[in-house]
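Visitor: Below are the structure tokens for one structure; questions will follow.
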Amino acid sequence: MIYLVNQEKVLRSIAERLAGEYSDQRVFIDEGNGDGFTVDFTPTVPDGVRIGYVLDYGEKQSIRRKELQQFFKVKRDMVEEILACPVYFKESTDVKRYVKVTADRRFGVYQIVRLNSWKDEEELVNDIVLALEEYMEAILQIR
Amino acid sequence: MIKREYGIAMRDGIELKSLVFLPGEGSHPLVMVRTPYGKEQFEAYTGLFLQAGLGVFLQDVRGTGASAGEFTPIVNEENDSLDTLAWLKEQEWYNGRLGLLALSYLGSATLALAALSDDVKAVVASSVPYEINNGVLGDGNVFMLHHTLPWHILTSKDKKMVDFSWPDTYKQLPLVDVLDDPNWETWLKNMDNEEFWEQFNLEGYVRKIEAPVLHFGGWWDFLLSSVTGMYRILEEEGNYRQKLILGPWSHNGILGNATELAGIDYGSSSPFLEETLAWFSNWLKEVNYEMEGPEVKAFLMNSNEWVEGNAWPHEKLVNIAWAMTGAGELNLLQGPQAFPPSSGAAETFFEYDPKHPAKTQGGAVWEFPAGGLEPGSVEQDKAKPGRALIYTSVPLAQEITILGEIVVQLVVSTDAPATDFAVKLIDIYPDGSRRLVKDGIREVCFNHLEKEPDDRYPATRISLSLGETGYTYKVGHRLQVEVGSSNFPKYARSLNQPDRFFSEETPVALNAMHFDASFANRIITPLLFQGEED
């Protein structure tokens with residue numbers, strides 16, 4: 001599945017379409033001041049894409065990011081309702097979508113979305129962009 | 001140098017014997033070791049710390065060494081470590097800056113302090129089994145016999161070390177009768193009881209650690225996943241003061257100074273002592289210290305060089321899939337050296353007889369003296385005909401470096417209600433010798449399903465991890481994948497039924513792999529990207 005598509009080509013297409021930056025197998029879409037959304041693949045969920053919302057992207061130390069993590073932990077019920085998926089603490093290949101609330105400097109609070117469109121790169125790009133737009137909208141609503 | 005001996009009373013009156021080494025008069029930062037293996041073992045290392053101006057505190061945990069009480073793994077360590085720290089705070093020779101040497105169980109014995117006390121200013125962690133899946137069961141839910149049994153013997157009051165002999169002790173059935181120790185029986189009885197294992201789950205402590213942590217992991221350490229797992233958890237929690245060092249060491253070899261393992265010379269020994277000393281010196285003695293340099297250093301075996309980075313998994317990886325075919329080939333599915341997988345048999349069978357399990361040869365095993373196992377890239381015997389399936393690549397035209405977690409996806413079936421699928425990744429040298437790179441196993445239970453008309457359970461897709469490595473395949477070498485159903489005694493053998501601990505029945509299973517045009521039997525290797533920068 002994921003390994004039959006050219007991951008780099010898919011991510012570069014997403015970066016181009018959404019005016020993001022591609023680097024180190026990850027797309028970053030800067031919403032201003034180094035805050036924004038990321039897209040990458042994770043080997044732990046082979047048919048999934050990881051869509052993150054992160055503050056101070058790449059900065060090692062960020063109190064804002066830690067505060068955002070706490071905020072999302074407190075709002076867990078709301079996150080689950082708006083994103084219509086559970087908040088997990090471990091990676092999972094059992095559910096279609098889930099959210100993990102971290103303060104990681106590369107992907108922050110992220111959603112894993114497992115997709116079926118791995119044979120057609122164009123279709124895959126479309127599906128990922130759609131999932132990303134849904135995630136962006138939900139984050140705006142939660143914040 | 002000042003050496004003092006104390007008996008420190010815990011809240012229930014039990015006294016824990018402790019040794020303190022100080023570099024001189026006055027108050028000092030301390031490096032703490034709490035151990036079930038005898039505190040005197042660590043006296044040899046105290047000189048290094050004392051020379052650096054650090055004090056050392058050694059303690060026998062409850063029920064071990066000279067300390068009173070009963071040893072029950074994990075459950076007393078939070079209270080005992082907190083009580084010990086409360087006592088330390090009253091001592092005029094302690095300056096309130098504590099470092100923790102958290103190696104394996106020594107880490108389990110101090111993690112509560114790391115999570116709950118502001119006194120902890122630095123941690124050096126290696127192989128701390130913070131949950132059942134990196135301490136007792138492997139990733140594939142199979143009991144890690146090779147170290148769990150000797151560990152119970154080592155920590156048992158009634159030590160039967162002299163009676164332990166490979167291979168007889170491991171082979172005995174039922175497994176529960178191998179050792180007359182209440183902890184052993186309790187563990188086996190509760191293997192599927194999540195509530196029981198929750199009392200040993202230290203992940204909650206790990207998530208709360210705010211002190212700087214230096215992580216050390218060995219490619220040949222059976223607890224490697226706990227090292228990289230702890231690093232990733234702390235990344236998730238925003239702990240930005242971490243360093244991860246990964247190299248060609250076994251569980252015990254991390255502390256040693258050998259450059260060679262299983263006959264292979266890697267050209268450099270573990271930098272554990274110098275890195276540990278520098279870590280504690282910097283963080284315990286300098287109040288405003290901030291770390292410099294790369295966060296991650298990983299040693300690549302065979303190219304014998306270090307690669308640096310600032311993330312784990314490493315940022316410069318490309319996942320590449322290799323397909324196993326019914327014709328016994330292992331073909332790249334993508335990339336410049338790829339060629340179309342050929343066809344072959346639609347299914348291939350092999351027999352698994354628990355009375356004759358495949359013997360563990362190398363890998364990430366514990367070098368317990370009486371266990372008879374050697375960690376590392378050990379040369380492999382050829383699998384017995386009909387007992388395993390083999391898939392081999394063409395010789396590599398270009399060097400490749402695997403860095404990170406290797407995942408295997410299989411389509412399998414069996415006629416047994418439960419069995420295991422065990423996989424080895426092997427490096428075939430140009431001279432024909434075969435050396436182990438990584439291995440993994442997965443338990444598959446079918447007893448909730450109906451059998452098909454051919455008296456077999458339906459073919460099922462499974463995924464299993466071979467764990468993480470840093471390994472370079474040189475030009476002319478070939479990759480080989482071996483699929484069988486056992487790797488014994490690294491893992492407790494499946495008895496081809498759901499129970500592997502209390503039964504003596506050993507029915508034979510006929511296991512199989514299934515192939516079609518989707519090439520769903522794959523091994524996925526994270527390759528270090530050696531191309532141009534963006």
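Letters A, B, ... mark the chains of the structure tokens in the order given; residue numbers begin at 1 per chain; ligand numbers begin at 1, in order shown.
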I'd like the contact shell of B:Arg4 - 10 Å cut-off, only C-alpha atoms, skipping same-chain residues fewer than 4 positions apart - returned as a short mmCIF file (atom, residue, chain, number, x, y, z; two decimals) with N, CA, C and O atoms, in the first residue's frame.

Guide:
data_model
loop_
_atom_site.label_atom_id
_atom_site.label_comp_id
_atom_site.auth_asym_id
_atom_site.auth_seq_id
_atom_site.Cartn_x
_atom_site.Cartn_y
_atom_site.Cartn_z
N SER B 18 22.37 0.80 52.41
CA SER B 18 22.84 1.76 51.41
C SER B 18 24.29 2.13 51.66
O SER B 18 24.76 2.13 52.81
N LEU B 19 24.99 2.43 50.58
CA LEU B 19 26.38 2.90 50.67
C LEU B 19 26.47 4.28 50.05
O LEU B 19 25.86 4.54 49.01
N VAL B 20 27.21 5.16 50.70
CA VAL B 20 27.41 6.51 50.18
C VAL B 20 28.90 6.76 50.00
O VAL B 20 29.70 6.45 50.88
N PHE B 21 29.26 7.28 48.83
CA PHE B 21 30.65 7.65 48.55
C PHE B 21 30.67 9.14 48.24
O PHE B 21 29.93 9.59 47.36
N LEU B 22 31.52 9.87 48.94
CA LEU B 22 31.58 11.31 48.74
C LEU B 22 32.99 11.73 48.34
O LEU B 22 33.97 11.15 48.84
N PHE B 57 25.42 7.22 45.51
CA PHE B 57 24.56 6.58 46.50
C PHE B 57 24.10 5.25 45.93
O PHE B 57 23.47 5.21 44.87
#

Visitor: Chain B near chain A within 8 Å: what's each residue's closest atom pair and its distance in Å to one decimal, counting only C-alpha atoms, ordered by chain then ascending residue number, as JSON lines?

Guide:
{"residue": "B:Glu235", "atom": "CA", "partner": "A:Asp104", "partner_atom": "CA", "distance": 5.3}
{"residue": "B:Glu236", "atom": "CA", "partner": "A:Asp104", "partner_atom": "CA", "distance": 4.3}
{"residue": "B:Glu237", "atom": "CA", "partner": "A:Ala103", "partner_atom": "CA", "distance": 5.1}
{"residue": "B:Gly238", "atom": "CA", "partner": "A:Ala103", "partner_atom": "CA", "distance": 4.9}
{"residue": "B:Asn239", "atom": "CA", "partner": "A:Gln61", "partner_atom": "CA", "distance": 7.9}
{"residue": "B:Tyr240", "atom": "CA", "partner": "A:Lys60", "partner_atom": "CA", "distance": 5.3}
{"residue": "B:Glu315", "atom": "CA", "partner": "A:Asp24", "partner_atom": "CA", "distance": 5.5}
{"residue": "B:Lys316", "atom": "CA", "partner": "A:Asp24", "partner_atom": "CA", "distance": 6.1}
{"residue": "B:Leu317", "atom": "CA", "partner": "A:Gln25", "partner_atom": "CA", "distance": 7.9}
{"residue": "B:Asn319", "atom": "CA", "partner": "A:Tyr3", "partner_atom": "CA", "distance": 6.7}
{"residue": "B:Ile320", "atom": "CA", "partner": "A:Tyr3", "partner_atom": "CA", "distance": 6.4}
{"residue": "B:Ala321", "atom": "CA", "partner": "A:Tyr3", "partner_atom": "CA", "distance": 6.0}
{"residue": "B:Leu333", "atom": "CA", "partner": "A:Leu4", "partner_atom": "CA", "distance": 7.1}
{"residue": "B:Gln334", "atom": "CA", "partner": "A:Leu4", "partner_atom": "CA", "distance": 6.9}
{"residue": "B:Ile524", "atom": "CA", "partner": "A:Tyr3", "partner_atom": "CA", "distance": 7.9}
{"residue": "B:Asp534", "atom": "CA", "partner": "A:Ser23", "partner_atom": "CA", "distance": 7.1}

Visitor: Selection from above, all heavy atoms, as a tab-separated table (two decimals), in the first residue's frame, can you write it?

Guide:
chain	number	residue	atom	x	y	z
B	235	GLU	N	9.70	13.01	23.74
B	235	GLU	CA	9.52	13.96	22.63
B	235	GLU	C	8.07	14.42	22.58
B	235	GLU	O	7.78	15.61	22.44
B	235	GLU	CB	9.88	13.30	21.30
B	235	GLU	CG	11.35	13.24	21.01
B	235	GLU	CD	11.91	14.59	20.59
B	235	GLU	OE1	11.48	15.11	19.56
B	235	GLU	OE2	12.77	15.12	21.31
B	236	GLU	N	7.17	13.45	22.70
B	236	GLU	CA	5.74	13.78	22.66
B	236	GLU	C	5.36	14.73	23.80
B	236	GLU	O	4.46	15.55	23.66
B	236	GLU	CB	4.90	12.50	22.78
B	236	GLU	CG	4.88	11.65	21.55
B	236	GLU	CD	4.08	10.38	21.74
B	236	GLU	OE1	3.41	10.23	22.81
B	236	GLU	OE2	4.11	9.55	20.85
B	237	GLU	N	6.05	14.56	24.92
B	237	GLU	CA	5.71	15.39	26.08
B	237	GLU	C	6.50	16.70	26.09
B	237	GLU	O	6.42	17.46	27.05
B	237	GLU	CB	5.97	14.60	27.37
B	237	GLU	CG	5.07	13.40	27.54
B	237	GLU	CD	3.60	13.76	27.55
B	237	GLU	OE1	3.23	14.80	28.12
B	237	GLU	OE2	2.79	13.01	26.94
B	238	GLY	N	7.27	16.95	25.04
B	238	GLY	CA	7.97	18.22	24.92
B	238	GLY	C	9.23	18.33	25.75
B	238	GLY	O	9.71	19.44	25.98
B	239	ASN	N	9.78	17.19	26.22
B	239	ASN	CA	11.07	17.25	26.92
B	239	ASN	C	12.15	17.44	25.85
B	239	ASN	O	12.48	16.53	25.11
B	239	ASN	CB	11.31	15.96	27.72
B	239	ASN	CG	12.58	16.04	28.56
B	239	ASN	OD1	13.52	16.74	28.22
B	239	ASN	ND2	12.60	15.32	29.66
B	240	TYR	N	12.69	18.63	25.77
B	240	TYR	CA	13.59	18.99	24.68
B	240	TYR	C	15.05	18.77	25.04
B	240	TYR	O	15.94	19.04	24.23
B	240	TYR	CB	13.38	20.45	24.27
B	240	TYR	CG	13.66	21.43	25.38
B	240	TYR	CD1	14.90	22.06	25.47
B	240	TYR	CD2	12.69	21.71	26.35
B	240	TYR	CE1	15.17	22.94	26.51
B	240	TYR	CE2	12.96	22.60	27.38
B	240	TYR	CZ	14.20	23.20	27.45
B	240	TYR	OH	14.47	24.06	28.47
B	315	GLU	N	15.50	11.51	10.38
B	315	GLU	CA	14.75	12.32	9.40
B	315	GLU	C	14.99	11.88	7.96
B	315	GLU	O	14.18	12.15	7.08
B	315	GLU	CB	15.15	13.79	9.52
B	315	GLU	CG	14.77	14.43	10.83
B	315	GLU	CD	15.96	14.99	11.57
B	315	GLU	OE1	17.01	14.32	11.58
B	315	GLU	OE2	15.84	16.07	12.15
B	316	LYS	N	16.12	11.23	7.69
B	316	LYS	CA	16.48	10.96	6.29
B	316	LYS	C	16.22	9.49	5.93
B	316	LYS	O	17.14	8.76	5.58
B	316	LYS	CB	17.97	11.27	6.07
B	316	LYS	CG	18.37	12.68	6.45
B	316	LYS	CD	17.94	13.67	5.40
B	316	LYS	CE	18.45	15.06	5.75
B	316	LYS	NZ	17.78	16.12	4.96
B	317	LEU	N	14.99	9.06	6.05
B	317	LEU	CA	14.67	7.67	5.76
B	317	LEU	C	13.67	7.55	4.62
B	317	LEU	O	12.80	8.41	4.46
B	317	LEU	CB	14.06	6.98	6.99
B	317	LEU	CG	14.92	6.90	8.25
B	317	LEU	CD1	14.15	6.22	9.36
B	317	LEU	CD2	16.22	6.15	7.97
B	319	ASN	N	11.12	4.42	3.26
B	319	ASN	CA	10.66	3.05	3.48
B	319	ASN	C	10.58	2.32	2.15
B	319	ASN	O	9.92	2.77	1.22
B	319	ASN	CB	9.27	3.05	4.14
B	319	ASN	CG	9.38	3.34	5.61
B	319	ASN	OD1	10.11	2.68	6.33
B	319	ASN	ND2	8.69	4.36	6.06
B	320	ILE	N	11.28	1.21	2.06
B	320	ILE	CA	11.33	0.43	0.82
B	320	ILE	C	10.79	-0.97	1.11
B	320	ILE	O	11.17	-1.59	2.10
B	320	ILE	CB	12.78	0.33	0.30
B	320	ILE	CG1	13.32	1.71	-0.07
B	320	ILE	CG2	12.90	-0.62	-0.87
B	320	ILE	CD1	12.69	2.34	-1.28
B	321	ALA	N	9.90	-1.44	0.21
B	321	ALA	CA	9.30	-2.76	0.39
B	321	ALA	C	9.95	-3.79	-0.53
B	321	ALA	O	10.28	-3.50	-1.67
B	321	ALA	CB	7.81	-2.69	0.10
B	333	LEU	N	10.22	-3.93	-4.54
B	333	LEU	CA	8.98	-3.49	-5.19
B	333	LEU	C	9.11	-2.08	-5.75
B	333	LEU	O	8.24	-1.60	-6.45
B	333	LEU	CB	7.83	-3.52	-4.19
B	333	LEU	CG	7.14	-4.87	-4.03
B	333	LEU	CD1	6.11	-4.80	-2.92
B	333	LEU	CD2	6.49	-5.31	-5.32
B	334	GLN	N	10.15	-1.35	-5.39
B	334	GLN	CA	10.28	0.02	-5.85
B	334	GLN	C	11.74	0.42	-5.79
B	334	GLN	O	12.57	-0.27	-5.20
B	334	GLN	CB	9.46	0.96	-4.99
B	334	GLN	CG	9.92	0.94	-3.54
B	334	GLN	CD	8.95	1.61	-2.58
B	334	GLN	OE1	8.43	0.93	-1.73
B	334	GLN	NE2	8.74	2.87	-2.73
B	524	ILE	N	9.48	-4.51	4.95
B	524	ILE	CA	9.62	-3.08	4.69
B	524	ILE	C	10.82	-2.56	5.49
B	524	ILE	O	10.85	-2.66	6.72
B	524	ILE	CB	8.33	-2.33	5.05
B	524	ILE	CG1	7.20	-2.84	4.16
B	524	ILE	CG2	8.50	-0.83	4.87
B	524	ILE	CD1	5.99	-3.25	4.89
B	534	ASP	N	17.89	18.65	-0.08
B	534	ASP	CA	16.85	19.42	-0.78
B	534	ASP	C	17.38	20.81	-1.16
B	534	ASP	O	18.08	21.42	-0.39
B	534	ASP	CB	15.66	19.58	0.17
B	534	ASP	CG	14.37	19.49	-0.58
B	534	ASP	OD1	14.40	18.92	-1.69
B	534	ASP	OD2	13.37	19.99	-0.07

Visitor: Considering only C-alpha atoms, state which residue in the set A:Asp40, A:Asp35, A:Glu67, A:Glu81 is at the smallest distance from A:Leu55.

Guide: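 With only C-alpha atoms as the atom set, the closest residue is A:Asp35.
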
Visitor: Would you kindly return, as a list in words, each protein, DNA or RNA residue with an atom no farther than 8 Å from any atom of A:Val125, considering only C-alpha atoms and excluding same-chain residues fewer than 5 positions away?

Guide: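 Those residues are Val10, Leu11, Ser13 and Ile14 of chain A.
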
Visitor: Please write the residues from the selection above to a file, keeping all heavy atoms, as a PDB file, in the first residue's frame.

Guide:
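Contents of part_27.pdb, as written:
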ATOM      1  N   VAL A  10       4.194  12.354  -3.467  1.00  0.00           N
ATOM      2  CA  VAL A  10       2.879  12.684  -2.901  1.00  0.00           C
ATOM      3  C   VAL A  10       2.994  13.912  -1.991  1.00  0.00           C
ATOM      4  O   VAL A  10       2.203  14.865  -2.093  1.00  0.00           O
ATOM      5  CB  VAL A  10       2.312  11.476  -2.114  1.00  0.00           C
ATOM      6  CG1 VAL A  10       1.104  11.872  -1.279  1.00  0.00           C
ATOM      7  CG2 VAL A  10       1.950  10.347  -3.069  1.00  0.00           C
ATOM      8  N   LEU A  11       4.004  13.914  -1.136  1.00  0.00           N
ATOM      9  CA  LEU A  11       4.156  15.027  -0.192  1.00  0.00           C
ATOM     10  C   LEU A  11       4.515  16.328  -0.914  1.00  0.00           C
ATOM     11  O   LEU A  11       4.028  17.408  -0.569  1.00  0.00           O
ATOM     12  CB  LEU A  11       5.206  14.686   0.869  1.00  0.00           C
ATOM     13  CG  LEU A  11       4.797  13.573   1.846  1.00  0.00           C
ATOM     14  CD1 LEU A  11       5.967  13.191   2.743  1.00  0.00           C
ATOM     15  CD2 LEU A  11       3.606  13.979   2.702  1.00  0.00           C
ATOM     16  N   SER A  13       3.596  17.107  -3.912  1.00  0.00           N
ATOM     17  CA  SER A  13       2.351  17.577  -4.566  1.00  0.00           C
ATOM     18  C   SER A  13       1.473  18.326  -3.571  1.00  0.00           C
ATOM     19  O   SER A  13       0.881  19.362  -3.891  1.00  0.00           O
ATOM     20  CB  SER A  13       1.554  16.395  -5.129  1.00  0.00           C
ATOM     21  OG  SER A  13       2.295  15.727  -6.089  1.00  0.00           O
ATOM     22  N   ILE A  14       1.398  17.773  -2.350  1.00  0.00           N
ATOM     23  CA  ILE A  14       0.568  18.427  -1.315  1.00  0.00           C
ATOM     24  C   ILE A  14       1.171  19.791  -0.968  1.00  0.00           C
ATOM     25  O   ILE A  14       0.452  20.796  -0.857  1.00  0.00           O
ATOM     26  CB  ILE A  14       0.476  17.525  -0.062  1.00  0.00           C
ATOM     27  CG1 ILE A  14      -0.338  16.272  -0.390  1.00  0.00           C
ATOM     28  CG2 ILE A  14      -0.173  18.271   1.105  1.00  0.00           C
ATOM     29  CD1 ILE A  14      -0.214  15.179   0.650  1.00  0.00           C
TER      30      ILE A  14
END

Visitor: What's the separation between atom CA of B:Ala66 and atom CA of B:Tyr37, in Å to one decimal place?

Guide: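 That distance, rounded to one decimal, is 10.6 Å.
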
Visitor: Based on the backbone DSSP call, show me all residues of stretch 184-246 of chain B assigned strand (DSSP E or B), as an NGL selection string.

Guide: :B and (213-220 or 242-246)

Visitor: Can you list, as a list in words, every residue of stretch 236-434 of chain B that DSSP puts in helix (DSSP H, G or I)?

Guide: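 Of stretch 236-434 of chain B, the ones in helix (DSSP H, G or I) are Glu236, Gly253, Ile254, Leu255, Phe272, Leu273, Glu274, Glu275, Thr276, Leu277, Ala278, Trp279, Phe280, Ser281, Asn282, Trp283, Leu284, Lys285, Pro369, Ala370 and Gly371 of chain B.
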
Visitor: Restricting the calculation to only C-alpha atoms, which member of A:Val129, A:Tyr57, A:Tyr110, A:Val45 is positioned closest to A:Glu16?

Guide: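 Selected residue with least distance to A:Glu16: A:Val129.
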
Visitor: Quick one, how far is atom CA of B:Ala346 from atom CA of B:Asp516?

Guide: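 Distance between the two atoms: 6.4 Å.
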
Visitor: Find the spatial neighbours of stretch 358-372 of chain B, counting only C-alpha atoms, within a cut-off of 7 Å - ignore same-chain residues fewer than 3 positions away - and output them as a list in words.

Guide: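 My reading of the contact set: His146, His147, Phe164, Ser165, Trp166, Trp220, Asp221, Phe222, Ser250, His251, Pro375, Gly376, Ser377, Val378, Gln380, Leu436, Lys438, Asp439, Ser486, Asn487, Phe488, Pro489 and Lys490 of chain B.
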
Visitor: Need the shell around stretch 78-93 of chain B: protein/DNA/RNA residues with any atom at most 7 Å away, counting only C-alpha atoms. Skip same-chain ones fewer than 4 positions apart. Format as an MDAnalysis selection string?

Guide: chainID B and resid 10:11 26:28 110 112:113

Visitor: To one decimal place in Å, what is the distance between atom CA of B:Tyr491 and atom CA of B:Met144?

Guide: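 Value for the atom CA of B:Tyr491-atom CA of B:Met144 distance: 4.6 Å.
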
Visitor: Using only C-alpha atoms, which of B:Gly404, B:Gly204, B:Gly69, B:Gly107 sits nearest B:Gly470?

Guide: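 Counting only C-alpha atoms, the residue closest to B:Gly470 is B:Gly404.
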